[in-house]
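Next comes my_file-v1.tsv, a file with TSV, C-alpha atoms.
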```
chain	number	residue	atom	x	y	z
A	1	MET	CA	-8.24	-18.85	-26.74
A	2	TYR	CA	-10.63	-17.05	-24.42
A	3	ALA	CA	-11.23	-18.74	-21.08
A	4	THR	CA	-14.95	-19.05	-21.74
A	5	TYR	CA	-14.32	-21.32	-24.72
A	6	ILE	CA	-11.86	-23.45	-22.79
A	7	HIS	CA	-14.45	-23.83	-20.02
A	8	GLU	CA	-16.98	-24.87	-22.67
A	9	ILE	CA	-14.54	-27.45	-24.02
A	10	VAL	CA	-14.00	-28.83	-20.52
A	11	GLU	CA	-17.76	-29.00	-19.98
A	12	ALA	CA	-18.15	-30.86	-23.28
A	13	LEU	CA	-15.40	-33.27	-22.25
A	14	LYS	CA	-16.97	-33.88	-18.86
A	15	LYS	CA	-20.19	-35.10	-20.47
A	16	GLY	CA	-18.40	-38.08	-21.99
A	17	ASN	CA	-15.75	-38.39	-19.30
A	18	PRO	CA	-17.24	-37.56	-15.89
A	19	GLY	CA	-14.02	-38.52	-14.13
A	20	ILE	CA	-12.07	-35.63	-15.63
A	21	ASP	CA	-10.86	-33.07	-13.11
A	22	PRO	CA	-12.17	-29.85	-14.66
A	23	LYS	CA	-9.56	-27.59	-13.12
A	24	LEU	CA	-6.59	-29.69	-14.20
A	25	ALA	CA	-8.09	-30.20	-17.65
A	26	TYR	CA	-8.67	-26.47	-17.93
A	27	ASP	CA	-5.07	-25.72	-16.96
A	28	ALA	CA	-3.71	-28.22	-19.51
A	29	LEU	CA	-5.90	-26.88	-22.31
A	30	ALA	CA	-5.20	-23.25	-21.39
A	31	ARG	CA	-1.49	-24.00	-21.59
A	32	TYR	CA	-1.97	-25.71	-24.95
A	33	TRP	CA	-3.93	-22.79	-26.40
A	34	SER	CA	-1.48	-20.19	-25.09
A	35	ASP	CA	0.68	-21.13	-28.08
A	36	TYR	CA	-2.06	-19.89	-30.40
A	37	ALA	CA	-4.13	-16.81	-31.08
A	38	VAL	CA	-7.65	-17.74	-32.00
A	39	SER	CA	-10.54	-15.84	-33.48
A	40	ILE	CA	-13.82	-17.65	-33.02
A	41	PHE	CA	-17.12	-17.14	-34.76
A	42	ASP	CA	-20.20	-18.98	-33.59
A	43	VAL	CA	-23.78	-19.63	-34.62
A	44	GLU	CA	-24.86	-16.35	-33.03
A	45	ASP	CA	-22.45	-14.48	-35.32
A	46	VAL	CA	-24.08	-16.19	-38.30
A	47	CYS	CA	-27.48	-15.21	-36.92
A	48	ASP	CA	-26.34	-11.58	-36.63
A	49	ALA	CA	-25.31	-11.63	-40.30
A	50	ALA	CA	-28.57	-13.31	-41.29
A	51	ARG	CA	-30.53	-10.79	-39.21
A	52	ALA	CA	-28.76	-7.91	-40.96
A	53	ASN	CA	-29.99	-9.33	-44.27
A	54	GLY	CA	-33.41	-10.40	-43.01
A	55	VAL	CA	-32.93	-14.01	-44.05
A	56	PRO	CA	-34.04	-17.16	-42.24
A	57	MET	CA	-31.50	-19.37	-40.53
A	58	SER	CA	-31.40	-22.85	-39.04
A	59	GLN	CA	-28.83	-24.43	-36.75
A	60	PHE	CA	-27.86	-26.89	-39.49
A	61	GLU	CA	-27.38	-24.19	-42.13
A	62	ALA	CA	-25.52	-21.95	-39.68
A	63	ARG	CA	-23.06	-24.77	-39.01
A	64	GLU	CA	-22.62	-25.29	-42.73
A	65	ILE	CA	-21.96	-21.56	-43.23
A	66	LEU	CA	-19.41	-21.58	-40.40
A	67	TYR	CA	-17.71	-24.57	-42.00
A	68	GLN	CA	-17.62	-22.87	-45.40
A	69	ALA	CA	-16.36	-19.62	-43.86
A	70	GLU	CA	-13.58	-21.45	-42.05
A	71	GLU	CA	-12.55	-23.49	-45.06
A	72	GLY	CA	-12.77	-20.54	-47.42
A	73	GLN	CA	-10.92	-17.99	-45.32
A	74	GLY	CA	-8.04	-16.56	-47.25
A	75	SER	CA	-6.71	-13.61	-45.34
A	76	GLY	CA	-8.45	-14.22	-42.07
A	77	LEU	CA	-11.92	-14.73	-40.74
A	78	THR	CA	-13.81	-11.46	-40.32
A	79	LYS	CA	-17.35	-10.29	-39.64
A	80	GLU	CA	-17.54	-9.04	-43.22
A	81	GLY	CA	-16.30	-12.40	-44.48
A	82	LEU	CA	-19.02	-14.13	-42.52
A	83	GLU	CA	-21.63	-11.76	-43.97
A	84	VAL	CA	-20.37	-12.65	-47.45
A	85	ALA	CA	-20.60	-16.35	-46.58
A	86	VAL	CA	-24.21	-15.83	-45.46
A	87	GLN	CA	-24.97	-13.90	-48.64
A	88	ASP	CA	-23.40	-16.66	-50.75
A	89	TRP	CA	-25.58	-19.15	-48.94
A	90	VAL	CA	-28.69	-16.99	-49.55
A	91	ASP	CA	-27.85	-16.74	-53.25
A	92	GLU	CA	-27.47	-20.49	-53.62
A	93	PHE	CA	-30.10	-21.85	-51.29
A	94	VAL	CA	-33.19	-23.17	-53.07
A	95	TRP	CA	-36.26	-22.71	-50.89
A	96	LEU	CA	-38.85	-24.07	-53.23
A	97	LYS	CA	-37.80	-27.53	-54.32
A	98	PRO	CA	-40.61	-30.07	-54.23
A	99	GLU	CA	-38.25	-33.01	-54.65
A	100	ASP	CA	-36.25	-32.12	-51.53
A	101	PRO	CA	-38.35	-29.91	-49.30
A	102	ILE	CA	-36.78	-28.08	-46.39
A	103	ASP	CA	-37.89	-28.70	-42.83
A	104	PRO	CA	-39.58	-25.39	-41.93
A	105	ALA	CA	-39.44	-26.13	-38.20
A	106	GLU	CA	-35.65	-25.86	-38.34
A	107	PHE	CA	-35.75	-22.24	-39.48
A	108	SER	CA	-36.36	-20.91	-36.02
A	109	LEU	CA	-33.30	-18.82	-35.09
A	110	GLN	CA	-35.25	-15.56	-34.99
A	111	THR	CA	-33.34	-13.79	-37.74
A	112	CYS	CA	-36.29	-12.42	-39.72
A	113	ASP	CA	-39.97	-11.66	-39.67
A	114	TRP	CA	-42.32	-13.59	-41.96
A	115	ALA	CA	-44.66	-11.71	-44.27
A	116	ILE	CA	-47.58	-13.69	-45.67
A	117	LEU	CA	-48.99	-12.40	-48.95
A	118	ALA	CA	-52.21	-13.60	-50.51
A	119	GLY	CA	-53.78	-13.27	-53.96
A	120	SER	CA	-52.19	-12.44	-57.28
A	121	SER	CA	-52.64	-8.72	-56.76
A	122	HIS	CA	-52.12	-9.05	-52.99
A	123	ASN	CA	-55.10	-6.77	-52.48
A	124	LYS	CA	-57.92	-9.22	-52.69
A	125	MET	CA	-57.69	-10.92	-49.37
A	126	THR	CA	-60.54	-10.49	-46.98
A	127	GLY	CA	-60.93	-11.32	-43.37
A	128	TRP	CA	-57.39	-10.50	-42.32
A	129	SER	CA	-56.60	-7.97	-39.68
A	130	ASP	CA	-57.47	-4.48	-40.88
A	131	GLY	CA	-58.39	-5.99	-44.22
A	132	LYS	CA	-54.79	-5.85	-45.40
A	133	SER	CA	-53.33	-8.26	-47.89
A	134	VAL	CA	-50.18	-8.73	-45.85
A	135	ARG	CA	-49.98	-10.50	-42.57
A	136	LEU	CA	-46.89	-10.43	-40.44
A	137	VAL	CA	-45.61	-13.23	-38.25
A	138	ASP	CA	-42.83	-11.98	-36.04
A	139	SER	CA	-39.37	-13.45	-35.77
A	140	SER	CA	-40.05	-15.26	-32.52
A	141	LYS	CA	-41.95	-17.82	-34.60
A	142	SER	CA	-40.42	-20.43	-36.88
A	143	LEU	CA	-41.13	-20.74	-40.57
A	144	GLU	CA	-43.27	-23.72	-39.67
A	145	SER	CA	-45.47	-21.49	-37.49
A	146	ALA	CA	-45.75	-18.94	-40.29
A	147	ILE	CA	-46.83	-21.70	-42.68
A	148	GLU	CA	-49.45	-22.84	-40.17
A	149	VAL	CA	-50.84	-19.30	-40.08
A	150	ALA	CA	-50.89	-19.18	-43.89
A	151	LEU	CA	-52.56	-22.59	-44.16
A	152	SER	CA	-55.22	-21.51	-41.69
A	153	ARG	CA	-56.11	-18.83	-44.24
A	154	VAL	CA	-56.03	-21.28	-47.14
A	155	ALA	CA	-58.97	-23.01	-45.50
A	156	VAL	CA	-60.89	-19.71	-45.41
A	157	ASP	CA	-59.88	-18.33	-48.82
A	158	PRO	CA	-58.80	-21.32	-50.93
A	159	GLN	CA	-59.14	-19.36	-54.17
A	160	LEU	CA	-56.10	-17.24	-53.40
A	161	ASP	CA	-52.41	-17.90	-53.85
A	162	TYR	CA	-50.29	-17.58	-50.72
A	163	CYS	CA	-46.64	-16.75	-50.33
A	164	ILE	CA	-44.36	-16.30	-47.37
A	165	TYR	CA	-41.43	-13.92	-47.59
A	166	ALA	CA	-38.64	-13.59	-45.06
A	167	VAL	CA	-38.17	-9.88	-44.34
A	168	ASP	CA	-36.00	-7.72	-42.11
A	169	GLU	CA	-37.17	-7.48	-38.54
A	170	GLY	CA	-38.88	-4.28	-37.58
A	171	TRP	CA	-39.87	-2.85	-40.94
A	172	ASP	CA	-42.15	0.10	-40.30
A	173	SER	CA	-44.42	-0.79	-43.21
A	174	TYR	CA	-45.02	-3.95	-45.13
A	175	GLY	CA	-46.42	-3.06	-48.53
A	176	ALA	CA	-46.63	-6.04	-50.85
A	177	GLU	CA	-44.41	-4.35	-53.40
A	178	ARG	CA	-41.65	-3.77	-50.90
A	179	ILE	CA	-41.89	-7.29	-49.59
A	180	GLU	CA	-41.67	-8.81	-53.06
A	181	GLY	CA	-38.80	-6.52	-53.96
A	182	ASN	CA	-36.71	-6.97	-50.85
A	183	GLY	CA	-37.88	-10.11	-49.11
A	184	THR	CA	-36.83	-13.68	-49.74
A	185	LEU	CA	-39.57	-15.97	-51.02
A	186	VAL	CA	-39.44	-19.06	-48.83
A	187	TRP	CA	-42.82	-20.76	-49.28
A	188	GLN	CA	-45.79	-20.64	-51.58
A	189	HIS	CA	-49.16	-22.28	-52.01
A	190	HIS	CA	-51.13	-22.07	-55.23
A	191	ALA	CA	-54.90	-21.97	-55.31
A	192	LYS	CA	-56.29	-25.26	-56.57
A	193	ASN	CA	-58.05	-23.71	-59.55
A	194	ASN	CA	-54.73	-22.06	-60.55
A	195	GLY	CA	-52.98	-25.39	-60.64
B	1	MET	CA	-8.46	-33.32	-42.20
B	2	THR	CA	-10.19	-30.03	-41.41
B	3	MET	CA	-8.73	-27.49	-39.01
B	4	GLN	CA	-11.28	-28.46	-36.38
B	5	ASN	CA	-10.48	-32.14	-36.70
B	6	SER	CA	-6.76	-31.67	-36.39
B	7	TYR	CA	-7.05	-29.51	-33.26
B	8	ALA	CA	-9.65	-31.83	-31.73
B	9	LEU	CA	-7.23	-34.71	-32.15
B	10	ALA	CA	-4.36	-32.62	-30.80
B	11	MET	CA	-6.36	-31.74	-27.68
B	12	ALA	CA	-7.38	-35.37	-27.15
B	13	THR	CA	-3.76	-36.43	-27.55
B	14	LEU	CA	-2.71	-33.81	-25.01
B	15	LEU	CA	-5.35	-34.99	-22.51
B	16	ALA	CA	-4.30	-38.61	-23.01
B	17	GLY	CA	-0.67	-37.64	-22.56
B	18	ARG	CA	-1.49	-35.95	-19.25
B	19	GLY	CA	-3.49	-38.97	-18.07
B	20	PHE	CA	-6.89	-37.25	-18.06
B	21	ILE	CA	-8.21	-39.90	-20.41
B	22	SER	CA	-6.87	-43.27	-21.47
B	23	HIS	CA	-5.28	-43.71	-24.88
B	24	LYS	CA	-8.20	-45.98	-25.77
B	25	GLU	CA	-10.57	-43.08	-25.16
B	26	LYS	CA	-8.55	-40.66	-27.26
B	27	GLN	CA	-10.46	-41.09	-30.51
B	28	ALA	CA	-13.85	-40.91	-28.78
B	29	VAL	CA	-12.83	-37.69	-27.05
B	30	ALA	CA	-11.53	-36.27	-30.33
B	31	ASP	CA	-14.86	-37.13	-31.93
B	32	SER	CA	-16.82	-35.41	-29.16
B	33	LEU	CA	-14.62	-32.31	-29.53
B	34	LYS	CA	-15.25	-32.34	-33.28
B	35	VAL	CA	-18.99	-32.26	-32.61
B	36	PHE	CA	-18.44	-29.43	-30.12
B	37	TRP	CA	-16.55	-27.39	-32.71
B	38	GLU	CA	-19.28	-27.78	-35.33
B	39	ASP	CA	-20.93	-24.71	-33.82
B	40	TYR	CA	-17.82	-22.62	-34.39
B	41	ALA	CA	-15.51	-21.38	-37.11
B	42	LEU	CA	-11.93	-20.89	-36.04
B	43	ASP	CA	-9.13	-18.76	-37.34
B	44	ILE	CA	-6.03	-20.06	-35.59
B	45	TRP	CA	-2.65	-18.35	-35.65
B	46	LYS	CA	0.28	-20.42	-34.51
B	47	PHE	CA	3.66	-19.88	-32.99
B	48	SER	CA	5.16	-20.60	-36.39
B	49	ASP	CA	3.25	-17.67	-37.93
B	50	LEU	CA	4.79	-15.32	-35.40
B	51	ALA	CA	8.20	-16.95	-35.80
B	52	ALA	CA	7.99	-16.38	-39.57
B	53	GLU	CA	7.28	-12.69	-39.01
B	54	CYS	CA	10.19	-12.46	-36.56
B	55	ALA	CA	12.49	-14.24	-39.01
B	56	HIS	CA	11.48	-11.78	-41.71
B	57	ARG	CA	12.44	-8.89	-39.45
B	58	GLY	CA	15.46	-10.53	-37.87
B	59	CYS	CA	13.95	-10.33	-34.42
B	60	PRO	CA	14.92	-12.72	-31.59
B	61	LEU	CA	12.08	-14.78	-30.18
B	62	SER	CA	11.51	-16.89	-27.09
B	63	LYS	CA	8.58	-19.18	-26.32
B	64	ASP	CA	7.41	-16.91	-23.49
B	65	ALA	CA	7.66	-13.80	-25.67
B	66	ALA	CA	5.65	-15.59	-28.36
B	67	ARG	CA	2.93	-16.48	-25.84
B	68	GLU	CA	2.83	-12.89	-24.64
B	69	MET	CA	2.47	-11.57	-28.19
B	70	LEU	CA	-0.10	-14.16	-29.25
B	71	THR	CA	-2.16	-13.33	-26.17
B	72	SER	CA	-2.01	-9.64	-27.02
B	73	PHE	CA	-2.86	-10.45	-30.66
B	74	GLU	CA	-5.94	-12.35	-29.54
B	75	ASN	CA	-7.03	-9.99	-26.76
B	76	ASN	CA	-7.00	-7.01	-29.10
B	77	LEU	CA	-8.98	-8.79	-31.78
B	78	ASP	CA	-11.38	-6.65	-33.76
B	79	LYS	CA	-13.77	-9.03	-35.46
B	80	HIS	CA	-14.20	-6.63	-38.36
B	81	GLN	CA	-10.50	-6.86	-39.15
B	82	GLY	CA	-9.96	-10.38	-37.90
B	83	LEU	CA	-6.51	-11.74	-37.17
B	84	ASN	CA	-4.21	-10.76	-39.99
B	85	TRP	CA	-0.53	-10.18	-40.77
B	86	ASP	CA	-0.77	-6.41	-40.38
B	87	ARG	CA	-2.16	-6.77	-36.89
B	88	LEU	CA	0.42	-9.40	-36.00
B	89	ASN	CA	3.12	-7.06	-37.21
B	90	GLU	CA	1.72	-4.24	-35.06
B	91	VAL	CA	1.79	-6.50	-32.01
B	92	LEU	CA	5.38	-7.49	-32.76
B	93	LEU	CA	6.50	-3.87	-33.20
B	94	LYS	CA	4.81	-2.83	-29.99
B	95	TRP	CA	6.45	-5.69	-28.12
B	96	LEU	CA	9.83	-4.77	-29.62
B	97	SER	CA	9.42	-1.16	-28.56
B	98	GLN	CA	8.94	-2.29	-24.98
B	99	GLN	CA	11.99	-4.55	-24.81
B	100	ASN	CA	15.10	-3.55	-22.97
B	101	TRP	CA	17.48	-6.02	-24.55
B	102	LEU	CA	20.50	-4.76	-22.70
B	103	ALA	CA	18.93	-5.41	-19.30
B	104	LEU	CA	18.15	-9.10	-19.84
B	105	SER	CA	19.61	-11.70	-17.52
B	106	ASP	CA	21.60	-14.58	-18.98
B	107	GLU	CA	18.77	-16.90	-18.07
B	108	GLU	CA	16.40	-14.79	-20.16
B	109	ARG	CA	18.92	-14.57	-23.02
B	110	ALA	CA	19.08	-18.35	-23.17
B	111	GLU	CA	15.35	-18.41	-23.94
B	112	PHE	CA	15.78	-16.42	-27.14
B	113	ASN	CA	16.60	-19.51	-29.11
B	114	GLN	CA	13.81	-19.92	-31.63
B	115	GLU	CA	16.03	-19.61	-34.72
B	116	THR	CA	14.39	-16.43	-36.00
B	117	CYS	CA	17.59	-14.44	-36.52
B	118	VAL	CA	21.32	-14.70	-36.97
B	119	TRP	CA	23.68	-12.96	-34.58
B	120	ALA	CA	26.23	-10.46	-35.86
B	121	ILE	CA	28.98	-9.68	-33.40
B	122	LEU	CA	30.69	-6.41	-34.12
B	123	MET	CA	34.18	-6.17	-32.62
B	124	ARG	CA	35.58	-2.65	-32.62
B	125	ASP	CA	39.21	-1.91	-31.99
B	126	SER	CA	39.09	1.19	-29.85
B	127	GLU	CA	42.35	2.54	-31.31
B	128	ARG	CA	42.22	1.43	-34.94
B	129	ALA	CA	38.80	1.60	-36.54
B	130	GLU	CA	39.98	-0.28	-39.65
B	131	LYS	CA	40.53	-3.31	-37.48
B	132	SER	CA	36.82	-3.68	-36.71
B	133	ALA	CA	35.47	-7.11	-37.53
B	134	ILE	CA	32.09	-8.77	-37.77
B	135	HIS	CA	31.55	-12.36	-36.77
B	136	ILE	CA	28.34	-14.21	-37.61
B	137	LEU	CA	26.72	-16.86	-35.43
B	138	ASP	CA	23.98	-18.84	-37.13
B	139	ALA	CA	20.31	-18.97	-36.16
B	140	HIS	CA	20.66	-22.22	-34.24
B	141	LYS	CA	22.48	-20.33	-31.51
B	142	SER	CA	20.68	-18.52	-28.73
B	143	LEU	CA	21.16	-14.93	-27.71
B	144	LEU	CA	23.10	-16.24	-24.72
B	145	ASP	CA	25.44	-18.17	-27.06
B	146	ALA	CA	26.12	-14.95	-28.92
B	147	VAL	CA	26.72	-13.03	-25.71
B	148	LEU	CA	29.05	-15.73	-24.34
B	149	PHE	CA	31.03	-15.56	-27.58
B	150	ALA	CA	31.15	-11.78	-27.32
B	151	ARG	CA	32.36	-11.91	-23.73
B	152	GLN	CA	35.21	-14.18	-24.76
B	153	GLU	CA	36.28	-11.73	-27.44
B	154	HIS	CA	35.94	-8.69	-25.24
B	155	SER	CA	39.07	-6.98	-23.98
B	156	GLN	CA	40.18	-3.57	-22.76
B	157	ALA	CA	41.14	-2.58	-26.26
B	158	ARG	CA	38.03	-3.87	-27.95
B	159	SER	CA	34.37	-3.01	-27.51
B	160	ILE	CA	31.77	-5.45	-28.73
B	161	GLU	CA	28.16	-5.23	-29.81
B	162	VAL	CA	25.77	-8.03	-30.65
B	163	PHE	CA	23.08	-7.46	-33.26
B	164	ALA	CA	20.18	-9.66	-34.25
B	165	CYS	CA	19.86	-9.71	-38.05
B	166	SER	CA	17.39	-11.01	-40.57
B	167	ILE	CA	17.82	-14.67	-41.26
B	168	SER	CA	18.48	-13.82	-44.90
B	169	ALA	CA	21.85	-12.65	-43.63
B	170	THR	CA	22.89	-16.29	-43.84
B	171	ASP	CA	23.08	-15.65	-47.57
B	172	GLY	CA	26.82	-15.54	-48.07
B	173	THR	CA	26.79	-12.51	-50.32
B	174	TRP	CA	24.83	-10.53	-47.75
B	175	ILE	CA	27.42	-11.35	-45.12
B	176	GLU	CA	30.24	-10.29	-47.39
B	177	ARG	CA	28.60	-6.94	-47.85
B	178	LEU	CA	27.74	-6.57	-44.17
B	179	THR	CA	29.25	-3.40	-42.82
B	180	GLU	CA	29.18	-1.66	-39.50
B	181	GLU	CA	26.87	0.97	-40.99
B	182	LYS	CA	24.45	-1.62	-42.31
B	183	LEU	CA	24.42	-3.40	-38.99
B	184	SER	CA	23.48	-0.20	-37.20
B	185	GLU	CA	20.79	0.45	-39.78
B	186	TYR	CA	19.25	-3.00	-40.18
B	187	GLY	CA	20.36	-4.94	-37.13
B	188	LEU	CA	18.74	-4.91	-33.73
B	189	LEU	CA	21.22	-4.12	-30.97
B	190	VAL	CA	20.74	-6.72	-28.25
B	191	TRP	CA	23.95	-6.58	-26.22
B	192	THR	CA	27.00	-4.35	-25.79
B	193	SER	CA	30.15	-4.82	-23.78
B	194	ALA	CA	29.54	-1.34	-22.39
B	195	SER	CA	26.20	-2.38	-20.96
B	196	GLU	CA	27.90	-5.37	-19.33
B	197	LYS	CA	29.99	-2.96	-17.30
B	198	ASN	CA	26.86	-1.09	-16.37
B	199	PRO	CA	24.11	-3.74	-16.44
B	200	GLY	CA	20.69	-2.33	-17.20
B	201	GLY	CA	22.13	1.13	-17.34
B	202	ILE	CA	21.71	1.89	-21.03
```
If you took the structure in this file and wrote it as structure tokens, what would it be?
Amino acid sequence: MYATYIHEIVEALKKGNPGIDPKLAYDALARYWSDYAVSIFDVEDVCDAARANGVPMSQFEAREILYQAEEGQGSGLTKEGLEVAVQDWVDEFVWLKPEDPIDPAEFSLQTCDWAILAGSSHNKMTGWSDGKSVRLVDSSKSLESAIEVALSRVAVDPQLDYCIYAVDEGWDSYGAERIEGNGTLVWQHHAKNNG
Amino acid sequence: MTMQNSYALAMATLLAGRGFISHKEKQAVADSLKVFWEDYALDIWKFSDLAAECAHRGCPLSKDAAREMLTSFENNLDKHQGLNWDRLNEVLLKWLSQQNWLALSDEERAEFNQETCVWAILMRDSERAEKSAIHILDAHKSLLDAVLFARQEHSQARSIEVFACSISATDGTWIERLTEEKLSEYGLLVWTSASEKNPGGI
């Protein structure tokens, strides 16, 4: 096991056991792990895989994906295997479930941009920058922030429907068609008169 | 118990055994390590994985050699390929290619005791080839045990070679069919009486 991880373990141990001598503990653990070869994937690896697919990620979901990847590994844990685990998670995750809503603040690991679409044709929105129907919230913001931006527009144009799609970072153009075809729908708000 | 849980408990047990924490604290420390590992997925390859590969090939193994190979296995990790049997095999073959078995000291020979091979001792009569004989020592013996046996059998009229062989050689029928030719082909030469006369010289 790489020294950095053993140092992290010692640091974690020290929090609960301040009396531990870090050097001696490190030596003992390094000796223990010298009988193993270890490949380690962390939350950042999950974020890389999520970023490659332009999908949102939270710390909780990343941990769950790591757990599933570890439990499900057949012939070894690989970057590709982790990407498959993320894709499996994307395929199964239900974003729009009123009975058990997600916490949008948790989706804050900067793995995607957020594209807000308004109106059934996505060309009817007025008052947005450059008069476009699509508004982008960059990946530095959480889903919660993107929703706040969308809701601020609901107050101005309540007759429109609003959706938020997670999209790859750094797209050069954000046409509504492309977003609907390639993005992941993560939030929506229907105009009151549409039910 | 998940992989993370079992290793967290093992580490806590180790720390308790070394006196870093009390035995009462062991479970609490294991729990804190489990929380720590929640942010990671681990693929852990053990000594026994390497020993299995060595046993398959009939290759001697020591604890230190295993540590050296596992370190190399880990240090050369490509996350796209991950840790896998092909890579482990490559590491083992590379390590084997760098070994000079004939130059080992007896102290080092004693360490090759991890039961990953049987030892075939080929005793050649220098004047009458038909009087060659093969003696098998089982996997519980170390390389040094095999060499000590060989030294006892060595004489002016008889040259001796020690080969490490696949553990499947313990199958009686395999032993019956074991010939000098097969030994040279499938066995790994780890000691010769000639090298003893000229230590490290072959």
Report as a tab-separated table (two decimals) with C-alpha atoms, in the frame of the given file all protein, DNA and RNA residues lying within 12 Å of range 135-150 of chain A, evaluated on all atoms listed in the file, omitting residues in the same chain fewer than 5 positions from it.
```tsv
chain	number	residue	atom	x	y	z
A	51	ARG	CA	-30.53	-10.79	-39.21
A	54	GLY	CA	-33.41	-10.40	-43.01
A	55	VAL	CA	-32.93	-14.01	-44.05
A	56	PRO	CA	-34.04	-17.16	-42.24
A	57	MET	CA	-31.50	-19.37	-40.53
A	58	SER	CA	-31.40	-22.85	-39.04
A	95	TRP	CA	-36.26	-22.71	-50.89
A	102	ILE	CA	-36.78	-28.08	-46.39
A	103	ASP	CA	-37.89	-28.70	-42.83
A	104	PRO	CA	-39.58	-25.39	-41.93
A	105	ALA	CA	-39.44	-26.13	-38.20
A	106	GLU	CA	-35.65	-25.86	-38.34
A	107	PHE	CA	-35.75	-22.24	-39.48
A	108	SER	CA	-36.36	-20.91	-36.02
A	109	LEU	CA	-33.30	-18.82	-35.09
A	110	GLN	CA	-35.25	-15.56	-34.99
A	111	THR	CA	-33.34	-13.79	-37.74
A	112	CYS	CA	-36.29	-12.42	-39.72
A	113	ASP	CA	-39.97	-11.66	-39.67
A	114	TRP	CA	-42.32	-13.59	-41.96
A	115	ALA	CA	-44.66	-11.71	-44.27
A	116	ILE	CA	-47.58	-13.69	-45.67
A	117	LEU	CA	-48.99	-12.40	-48.95
A	118	ALA	CA	-52.21	-13.60	-50.51
A	122	HIS	CA	-52.12	-9.05	-52.99
A	123	ASN	CA	-55.10	-6.77	-52.48
A	125	MET	CA	-57.69	-10.92	-49.37
A	126	THR	CA	-60.54	-10.49	-46.98
A	127	GLY	CA	-60.93	-11.32	-43.37
A	128	TRP	CA	-57.39	-10.50	-42.32
A	129	SER	CA	-56.60	-7.97	-39.68
A	130	ASP	CA	-57.47	-4.48	-40.88
A	155	ALA	CA	-58.97	-23.01	-45.50
A	156	VAL	CA	-60.89	-19.71	-45.41
A	157	ASP	CA	-59.88	-18.33	-48.82
A	158	PRO	CA	-58.80	-21.32	-50.93
A	160	LEU	CA	-56.10	-17.24	-53.40
A	161	ASP	CA	-52.41	-17.90	-53.85
A	162	TYR	CA	-50.29	-17.58	-50.72
A	163	CYS	CA	-46.64	-16.75	-50.33
A	164	ILE	CA	-44.36	-16.30	-47.37
A	165	TYR	CA	-41.43	-13.92	-47.59
A	166	ALA	CA	-38.64	-13.59	-45.06
A	167	VAL	CA	-38.17	-9.88	-44.34
A	168	ASP	CA	-36.00	-7.72	-42.11
A	169	GLU	CA	-37.17	-7.48	-38.54
A	170	GLY	CA	-38.88	-4.28	-37.58
A	171	TRP	CA	-39.87	-2.85	-40.94
A	172	ASP	CA	-42.15	0.10	-40.30
A	173	SER	CA	-44.42	-0.79	-43.21
A	174	TYR	CA	-45.02	-3.95	-45.13
A	175	GLY	CA	-46.42	-3.06	-48.53
A	176	ALA	CA	-46.63	-6.04	-50.85
A	179	ILE	CA	-41.89	-7.29	-49.59
A	185	LEU	CA	-39.57	-15.97	-51.02
A	186	VAL	CA	-39.44	-19.06	-48.83
A	187	TRP	CA	-42.82	-20.76	-49.28
A	188	GLN	CA	-45.79	-20.64	-51.58
A	189	HIS	CA	-49.16	-22.28	-52.01
A	190	HIS	CA	-51.13	-22.07	-55.23
```
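For the pair CA of Asn5 in chain B and CA of Cys54 in chain B, the separation is 28.5 Å.
In this structure, CA of Gly16 in chain A sits 11.9 Å away from CA of Phe36 in chain B.
Atom to atom, CA of Phe163 in chain B and CA of Leu188 in chain B stand 5.1 Å apart.
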So that each row is one residue of range 29-148 of chain A with an atom at most 6 Å from range 62-73 of chain B, can you give its shortest atom pair and the distance in Å to one decimal, using all atoms listed in the file, rows by chain and rising number, as a tab-separated table?
```
residue	atom	partner	partner_atom	distance
A:Ser34	CA	B:Arg67	CA	5.8
A:Asp35	CA	B:Arg67	CA	5.6
A:Ala37	CA	B:Leu70	CA	5.2
```
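For the set B:Leu9, B:Ile160, B:Ala28, B:Val118, the residue with the smallest atom-to-atom gap to chain A is B:Ala28, counting only C-alpha atoms.
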Distance query Pro22 in chain A at most 9 Å, all atoms listed in the file, self and fewer than 3 positions along chain excluded, as a PyMOL selection string
chain A and resi 7+10-11+13-14+19+25-27
Distance limit 6 Å, atoms considered: only C-alpha atoms. Which chain B residues sit that close to chain A? Return them as a compact mmCIF listing (two decimals) with C-alpha atoms, in the frame of the given file.
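File result-v3.txt, as written:
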```txt
# COMPACT_ATOMS: atom_id res chain seq x y z
CA PHE B 20 -6.89 -37.25 -18.06
CA ASP B 39 -20.93 -24.71 -33.82
CA TYR B 40 -17.82 -22.62 -34.39
CA ALA B 41 -15.51 -21.38 -37.11
CA LEU B 42 -11.93 -20.89 -36.04
CA ASP B 43 -9.13 -18.76 -37.34
CA ILE B 44 -6.03 -20.06 -35.59
CA TRP B 45 -2.65 -18.35 -35.65
CA LYS B 46 0.28 -20.42 -34.51
CA PHE B 47 3.66 -19.88 -32.99
CA ARG B 67 2.93 -16.48 -25.84
CA LEU B 70 -0.10 -14.16 -29.25
CA GLU B 74 -5.94 -12.35 -29.54
CA LYS B 79 -13.77 -9.03 -35.46
CA HIS B 80 -14.20 -6.63 -38.36
CA GLN B 81 -10.50 -6.86 -39.15
CA GLY B 82 -9.96 -10.38 -37.90
CA LEU B 83 -6.51 -11.74 -37.17
CA ASN B 84 -4.21 -10.76 -39.99
```
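Closest approach to Val147 in chain B from the set B:Glu181, B:Glu108, B:Glu25, B:Asp86 is made by B:Glu108, with distances taken over only C-alpha atoms.
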